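Text of model25.txt, listed as compact mmCIF, C-alpha atoms and all ligand atoms:
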```txt
# COMPACT_ATOMS: atom_id res chain seq x y z
CA MET Y 1 95.02 121.29 92.68
CA LYS Y 2 96.24 119.47 95.75
CA GLY Y 3 99.86 118.99 94.81
CA ASP Y 4 102.49 121.12 93.19
CA ARG Y 5 106.04 120.54 92.15
CA ALA Y 6 108.72 122.88 93.43
CA CYS Y 7 112.45 122.29 93.03
CA GLY Y 8 111.65 118.74 91.89
CA ILE Y 9 110.07 117.85 95.23
CA LEU Y 10 106.44 116.82 95.30
CA ARG Y 11 104.56 118.74 97.96
CA VAL Y 12 101.02 117.88 98.87
CA ARG Y 13 99.09 120.66 100.54
CA GLY Y 14 95.96 120.40 102.62
CA SER Y 15 95.56 116.65 102.32
CA MET Y 16 95.99 113.89 104.85
CA ARG Y 17 97.10 110.81 103.03
CA TYR Y 18 97.75 107.47 104.64
CA ALA Y 19 99.28 104.47 102.98
CA ALA Y 20 97.25 101.42 104.06
CA LEU Y 21 99.16 98.24 103.37
CA SER Y 22 98.78 94.59 104.28
CA ASP Y 23 100.22 91.12 103.81
CA VAL Y 24 103.85 92.11 103.42
CA HIS Y 25 104.76 88.47 104.17
CA GLY Y 26 108.48 89.00 104.60
CA ASN Y 27 108.99 90.45 101.11
CA LEU Y 28 111.46 93.29 101.76
CA GLU Y 29 112.03 94.30 98.13
CA ALA Y 30 108.26 94.75 97.60
CA LEU Y 31 107.97 96.67 100.89
CA GLU Y 32 110.81 99.05 100.01
CA ALA Y 33 109.24 99.79 96.61
CA VAL Y 34 105.91 100.53 98.32
CA LEU Y 35 107.47 102.80 100.96
CA GLN Y 36 109.24 104.78 98.26
CA ASP Y 37 106.11 105.14 96.14
CA ALA Y 38 104.02 106.14 99.16
CA SER Y 39 106.40 108.88 100.20
CA GLN Y 40 106.51 110.19 96.61
CA GLN Y 41 102.71 110.24 96.73
CA GLY Y 42 102.76 112.39 99.87
CA ALA Y 43 101.73 109.74 102.41
CA ARG Y 44 102.16 111.13 105.92
CA GLY Y 45 101.47 107.94 107.80
CA PHE Y 46 101.43 104.21 107.29
CA LEU Y 47 98.82 101.73 108.47
CA CYS Y 48 99.73 98.02 108.41
CA LEU Y 49 96.79 95.61 108.42
CA GLY Y 50 98.76 92.52 109.43
CA ASP Y 51 100.66 89.53 108.10
CA PHE Y 52 104.07 91.17 108.31
CA VAL Y 53 105.62 87.68 108.07
CA GLY Y 54 105.06 84.19 106.63
CA TYR Y 55 105.99 83.03 103.08
CA GLY Y 56 108.83 85.49 102.39
CA PRO Y 57 112.58 85.47 103.10
CA ASP Y 58 112.99 88.64 105.25
CA PRO Y 59 110.55 88.53 108.20
CA ASN Y 60 112.65 90.48 110.72
CA ALA Y 61 113.82 93.14 108.26
CA CYS Y 62 110.23 93.80 107.14
CA VAL Y 63 109.01 94.38 110.70
CA GLU Y 64 112.03 96.51 111.60
CA THR Y 65 111.72 98.63 108.44
CA LEU Y 66 108.00 99.28 108.82
CA ARG Y 67 107.65 99.62 112.55
CA PRO Y 68 109.09 103.15 113.03
CA GLN Y 69 106.84 104.50 110.26
CA LEU Y 70 103.52 103.06 111.43
CA SER Y 71 100.64 105.14 112.76
CA ALA Y 72 98.66 101.93 113.34
CA ALA Y 73 99.48 98.22 113.10
CA LEU Y 74 97.52 94.98 113.27
CA VAL Y 75 98.53 91.36 113.72
CA GLY Y 76 97.45 88.86 111.03
CA ASN Y 77 96.78 85.11 111.01
CA HIS Y 78 100.28 84.26 109.68
CA ASP Y 79 101.89 86.46 112.36
CA LEU Y 80 99.84 84.67 115.03
CA ALA Y 81 100.79 81.26 113.64
CA ALA Y 82 104.48 82.25 113.55
CA LEU Y 83 104.15 83.25 117.23
CA GLY Y 84 102.60 79.85 117.97
CA ARG Y 85 99.25 81.44 118.90
CA LEU Y 86 97.25 79.98 116.00
CA ASP Y 87 97.21 76.32 114.99
CA ALA Y 88 99.48 75.90 111.95
CA ARG Y 89 97.40 72.90 110.81
CA ARG Y 90 94.89 75.43 109.48
CA PHE Y 91 97.38 76.30 106.73
CA ASN Y 92 98.31 74.39 103.58
CA LEU Y 93 101.55 72.43 103.42
CA PHE Y 94 103.73 75.12 101.79
CA ALA Y 95 102.43 77.88 104.05
CA ARG Y 96 103.14 75.60 107.02
CA VAL Y 97 106.72 74.94 105.92
CA ALA Y 98 107.26 78.69 105.54
CA LEU Y 99 105.69 79.34 108.95
CA GLU Y 100 107.98 76.86 110.66
CA TRP Y 101 110.98 78.45 108.94
CA THR Y 102 109.74 81.94 109.93
CA ARG Y 103 109.23 80.93 113.56
CA GLU Y 104 112.90 79.98 113.82
CA GLN Y 105 114.01 83.25 112.23
CA LEU Y 106 112.04 85.72 114.37
CA SER Y 107 114.20 87.81 116.70
CA ALA Y 108 113.11 88.32 120.30
CA THR Y 109 112.44 92.02 119.60
CA VAL Y 110 110.28 91.33 116.57
CA ARG Y 111 108.43 88.58 118.39
CA ALA Y 112 107.72 90.90 121.35
CA TYR Y 113 106.47 93.62 119.00
CA LEU Y 114 104.09 91.29 117.11
CA GLU Y 115 102.82 89.88 120.43
CA ARG Y 116 101.50 93.32 121.38
CA LEU Y 117 99.39 93.89 118.26
CA LYS Y 118 95.66 93.21 117.88
CA PRO Y 119 93.82 92.16 114.69
CA ARG Y 120 91.35 95.05 114.96
CA GLU Y 121 91.84 98.75 115.73
CA GLU Y 122 90.10 102.05 115.14
CA PHE Y 123 92.08 104.88 113.61
CA GLU Y 124 90.66 108.37 112.99
CA GLY Y 125 87.13 107.00 112.82
CA VAL Y 126 88.05 104.21 110.43
CA LEU Y 127 87.86 100.52 111.29
CA LEU Y 128 91.05 98.58 110.52
CA VAL Y 129 90.90 94.76 110.51
CA HIS Y 130 93.14 92.07 109.14
CA ALA Y 131 90.40 89.75 107.81
CA SER Y 132 86.82 90.99 108.39
CA PRO Y 133 84.84 93.15 110.85
CA GLN Y 134 82.99 90.13 112.28
CA ASP Y 135 86.06 87.85 112.34
CA PRO Y 136 89.22 89.98 112.29
CA VAL Y 137 91.62 87.00 112.06
CA GLN Y 138 90.20 84.33 109.75
CA GLU Y 139 87.25 85.17 107.51
CA TYR Y 140 87.88 85.76 103.78
CA ILE Y 141 85.72 88.49 102.22
CA LEU Y 142 85.89 87.43 98.58
CA ASP Y 143 82.28 87.94 97.47
CA TRP Y 144 79.44 90.41 97.97
CA GLU Y 145 77.47 88.03 100.22
CA THR Y 146 80.25 87.85 102.83
CA ALA Y 147 80.71 91.61 102.50
CA ASP Y 148 76.95 92.07 102.97
CA ASP Y 149 77.00 89.94 106.15
CA ASN Y 150 79.77 92.13 107.50
CA PHE Y 151 77.99 95.41 106.72
CA ARG Y 152 75.05 94.06 108.75
CA ALA Y 153 77.14 92.58 111.59
CA ALA Y 154 79.31 95.58 112.48
CA GLU Y 155 79.07 99.35 112.66
CA PHE Y 156 81.53 101.32 110.57
CA SER Y 157 81.41 103.82 107.74
CA LEU Y 158 84.80 102.87 106.30
CA CYS Y 159 86.68 99.64 107.01
CA LEU Y 160 90.11 98.91 105.53
CA PHE Y 161 91.10 95.24 105.44
CA GLY Y 162 93.52 92.72 103.92
CA HIS Y 163 93.93 88.92 104.23
CA THR Y 164 92.62 87.84 100.79
CA HIS Y 165 95.48 89.50 98.85
CA VAL Y 166 92.86 90.67 96.32
CA PRO Y 167 92.16 94.43 96.16
CA VAL Y 168 88.44 95.23 95.87
CA ARG Y 169 85.84 97.68 97.15
CA PHE Y 170 82.38 96.91 98.50
CA ALA Y 171 79.78 99.62 99.16
CA HIS Y 172 76.51 99.38 101.06
CA ASP Y 173 73.64 101.89 100.74
CA GLY Y 174 71.60 100.64 103.70
CA HIS Y 175 69.76 98.08 101.56
CA ARG Y 176 72.17 96.46 99.14
CA THR Y 177 75.86 95.73 98.77
CA TYR Y 178 77.73 96.57 95.56
CA VAL Y 179 81.13 95.31 94.37
CA PHE Y 180 83.62 97.54 92.56
CA LEU Y 181 87.03 96.79 91.11
CA LEU Y 182 89.68 99.27 92.16
CA PRO Y 183 91.41 100.70 89.08
CA ALA Y 184 95.20 100.90 89.48
CA ASN Y 185 96.76 104.29 90.22
CA THR Y 186 93.45 106.18 89.96
CA PRO Y 187 91.84 107.93 92.96
CA VAL Y 188 88.23 106.87 93.63
CA ARG Y 189 85.83 109.00 95.67
CA LEU Y 190 84.02 107.13 98.44
CA GLU Y 191 80.34 108.06 98.08
CA PRO Y 192 79.48 109.81 101.39
CA ASP Y 193 76.00 108.20 101.62
CA PHE Y 194 77.44 104.69 101.42
CA ARG Y 195 79.40 102.53 103.82
CA HIS Y 196 82.62 101.04 102.47
CA LEU Y 197 84.79 97.96 102.83
CA VAL Y 198 88.10 98.41 101.02
CA ASN Y 199 90.63 95.61 100.58
CA VAL Y 200 94.10 97.11 100.18
CA GLY Y 201 95.61 94.06 98.40
CA SER Y 202 98.96 92.55 99.31
CA VAL Y 203 102.42 94.09 99.28
CA GLY Y 204 104.40 90.86 99.29
CA GLN Y 205 102.26 88.23 97.56
CA PRO Y 206 99.52 89.64 95.27
CA ARG Y 207 96.92 87.08 94.13
CA ASP Y 208 94.88 88.98 91.56
CA GLY Y 209 97.04 88.08 88.55
CA ASP Y 210 99.15 91.25 88.78
CA PRO Y 211 102.59 90.54 90.30
CA ARG Y 212 103.23 94.20 91.21
CA ALA Y 213 103.06 95.10 94.90
CA ALA Y 214 99.73 96.61 95.96
CA TYR Y 215 98.62 99.08 98.62
CA VAL Y 216 95.98 101.79 99.03
CA LEU Y 217 96.41 105.51 99.53
CA TRP Y 218 93.56 106.74 101.67
CA ASP Y 219 93.01 110.49 101.78
CA SER Y 220 90.97 111.19 104.89
CA GLU Y 221 90.17 114.79 103.91
CA GLU Y 222 89.32 114.19 100.26
CA GLY Y 223 87.43 110.98 101.07
CA THR Y 224 89.25 109.05 98.34
CA VAL Y 225 91.06 105.74 98.03
CA GLU Y 226 93.62 104.93 95.35
CA LEU Y 227 94.94 101.44 94.64
CA ARG Y 228 98.66 101.79 93.87
CA ARG Y 229 100.54 99.12 91.91
CA VAL Y 230 104.29 99.23 92.23
CA PRO Y 231 106.82 97.08 90.34
CA TYR Y 232 109.69 95.56 92.34
CA PRO Y 233 112.54 93.12 91.51
CA VAL Y 234 110.54 89.86 91.78
CA GLU Y 235 113.47 87.75 90.49
CA ALA Y 236 115.74 88.95 93.30
CA VAL Y 237 113.20 87.81 95.90
CA GLN Y 238 112.69 84.48 94.12
CA ALA Y 239 116.46 83.86 94.12
CA LYS Y 240 116.65 84.73 97.81
CA MET Y 241 113.78 82.35 98.65
CA GLN Y 242 115.44 79.61 96.66
CA ARG Y 243 118.74 80.15 98.51
CA LYS Y 244 116.98 80.03 101.87
CA GLY Y 245 115.27 76.75 100.97
CA LEU Y 246 111.68 78.05 100.92
CA PRO Y 247 109.28 75.86 98.90
CA ARG Y 248 109.36 76.31 95.12
CA PRO Y 249 105.59 76.95 94.69
CA LEU Y 250 105.87 79.92 97.06
CA TRP Y 251 108.49 81.72 95.01
CA GLU Y 252 107.06 80.68 91.64
CA ARG Y 253 103.69 82.24 92.43
CA LEU Y 254 105.28 85.70 92.98
CA GLY Y 255 106.08 85.90 89.27
CA GLU Y 256 102.46 85.26 88.35
CA GLY Y 257 100.75 87.26 91.08
CA ARG Y 258 98.58 84.36 92.21
ZN ZN L 1 98.29 87.09 104.06
```
Just dump the structure as structure tokens.
Amino acid sequence: MKGDRACGILRVRGSMRYAALSDVHGNLEALEAVLQDASQQGARGFLCLGDFVGYGPDPNACVETLRPQLSAALVGNHDLAALGRLDARRFNLFARVALEWTREQLSATVRAYLERLKPREEFEGVLLVHASPQDPVQEYILDWETADDNFRAAEFSLCLFGHTHVPVRFAHDGHRTYVFLLPANTPVRLEPDFRHLVNVGSVGQPRDGDPRAAYVLWDSEEGTVELRRVPYPVEAVQAKMQRKGLPRPLWERLGEGR
């Protein structure tokens, strides 16, 4: 038993749990729901794998809310484009419109903070990247072949990543790469003889057909990961995006998780 309940407060003993989250994309309501769930689950630190902004209506508030809680933080491709450091022509029309809007919103403090972040960091022996170990800004790991290339191209035993907005786990035994779905709200033990690539999903714009916010609880002592799915008031965010003039397809997709 790792946890016990006393006086209605959940205490977690002897574990070191981190909430690894990514692709918040300016969705404050989703972020607040995730922060609340993570603290109820006993998370002692937060790791953000990038794309704080882009798409959503609250870029500054998301950065300011997360920043004081972060043990590690990465910059993502949308953050870089909002800073003017990545060519916005790489993005589709609606993403570009949202990026231009975001660029005008960013406060000087938030801009200066994002400017300092890198797309790749090591934290307690774990590799953190926004996109992939071999290309931390751009590459999409959506299939086992790309995952396999990355297991061969970089040295790591566990890598947490984001960027695709699709939670998934890849494992490599030294010869072959295997793909596993991450069941929601169920801890999964990382086989110690394997190497692992774990996509933590997206807080602010999930694309796996489930509109609930996603993040991963990583327990560094137990060697487990748990995909958490957390409901949040999607309609409130959609109404806010509509009011702020963000493109209709961007708020419609939140309701469908795609
Ligand atoms: Zn993203």
ask   = So which residues are near ligand ZN 1 (chain L), meaning at most 6 Å away with all atoms listed in the file counted, given back as a ChimeraX atom specification?
value = /Y:23,51,163
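The gap separating CA of Ala20 (chain Y) from CA of Phe46 (chain Y) is 6.0 Å, in Å to one decimal.
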Could I get the residues of region 94-193 of chain Y with an atom no further than 9 Å from an atom of region 216-235 of chain Y, each paired with its nearest atom pair and that distance in Å to one decimal, using all atoms listed in the file, sorted by chain and residue number, as a Markdown table?
```
| residue | atom | partner | partner_atom | distance |
| --- | --- | --- | --- | --- |
| Y:Glu124 | CA | Y:Ser220 | CA | 8.6 |
| Y:Pro167 | CA | Y:Leu227 | CA | 7.7 |
| Y:Leu182 | CA | Y:Leu227 | CA | 6.2 |
| Y:Pro183 | CA | Y:Leu227 | CA | 6.6 |
| Y:Ala184 | CA | Y:Leu227 | CA | 5.2 |
| Y:Asn185 | CA | Y:Arg228 | CA | 4.8 |
| Y:Thr186 | CA | Y:Glu226 | CA | 5.5 |
| Y:Pro187 | CA | Y:Glu226 | CA | 4.2 |
| Y:Val188 | CA | Y:Thr224 | CA | 5.3 |
| Y:Arg189 | CA | Y:Thr224 | CA | 4.3 |
| Y:Leu190 | CA | Y:Thr224 | CA | 5.6 |
| Y:Glu191 | CA | Y:Gly223 | CA | 8.2 |
| Y:Pro192 | CA | Y:Gly223 | CA | 8.0 |
```
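Counting all atoms listed in the file, the residue from Y:Leu246, Y:Glu100, Y:Ala112, Y:Gly42 that sits nearest to Ala88 (chain Y) is Y:Glu100.
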task = Skip His25 (chain Y) itself and residues of its chain fewer than 4 positions away, then list as a PyMOL selection string all residues within 6 Å of it, counting only C-alpha atoms.
result = chain Y and resi 51-56+204
Those residues with C-alpha atoms, as a short mmCIF file (atom, residue, chain, number, x, y, z; two decimals), in the coordinates of the input please?
```cif
data_model
loop_
_atom_site.label_atom_id
_atom_site.label_comp_id
_atom_site.auth_asym_id
_atom_site.auth_seq_id
_atom_site.Cartn_x
_atom_site.Cartn_y
_atom_site.Cartn_z
CA ASP Y 51 100.66 89.53 108.10
CA PHE Y 52 104.07 91.17 108.31
CA VAL Y 53 105.62 87.68 108.07
CA GLY Y 54 105.06 84.19 106.63
CA TYR Y 55 105.99 83.03 103.08
CA GLY Y 56 108.83 85.49 102.39
CA GLY Y 204 104.40 90.86 99.29
#
```
message = List as JSON, numbers by chain the protein and nucleic acid residues near Val166 (chain Y), meaning an atom at most 10 Å away when all atoms listed in the file are counted, but skip any in the same chain fewer than 5 places from it.
response = {"Y": [141, 142, 181, 199, 200, 201, 202, 205, 206, 207, 208, 209, 210, 214, 258]}
task = Name the closest residue to Pro211 (chain Y) among the candidates Y:Cys159, Y:Cys48, Y:Arg17, Y:Leu254; distances are taken between atoms, counting only C-alpha atoms.
result =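 Using only C-alpha atoms, the shortest distance to Pro211 (chain Y) belongs to Y:Leu254.
Between CA of Gly26 (chain Y) and CA of Ala147 (chain Y) there is a distance of 28.0 Å.
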request  = Tell me, in Å to one decimal, how far CA of Asn92 (chain Y) is from CA of Leu49 (chain Y).
outcome  =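 These atoms are spaced 21.8 Å apart.
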inquiry  = List as JSON, numbers by chain the residues having at least one atom at most 12 Å from position (109.4, 101.3, 112.2) as given in the file, counting all atoms listed in the file.
reply    = {"Y": [35, 45, 46, 47, 48, 60, 61, 62, 63, 64, 65, 66, 67, 68, 69, 70, 71, 72, 73, 110, 113]}
Nearest residue to Asp135 (chain Y) from the set Y:Trp101, Y:Pro57, Y:Gly76, Y:Val168 (distances using all atoms listed in the file) =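 That would be Y:Gly76, the residue with the smallest distance to Asp135 (chain Y).
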Contacts of region 114-121 of chain Y at 9 Å (only C-alpha atoms; same-chain gap of 2+ positions) as a list in words =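 Near neighbours after the sequence-gap exclusion: Leu49, Gly50, Phe52, Val63, Ala72, Ala73, Leu74, Val75, Gly76, Asn77, Asp79, Leu80, Leu83, Thr109, Val110, Arg111, Ala112, Phe123, Val126, Leu127, Leu128, Val129, His130, Ala131, Ser132, Pro133, Pro136 and Val137 of chain Y.
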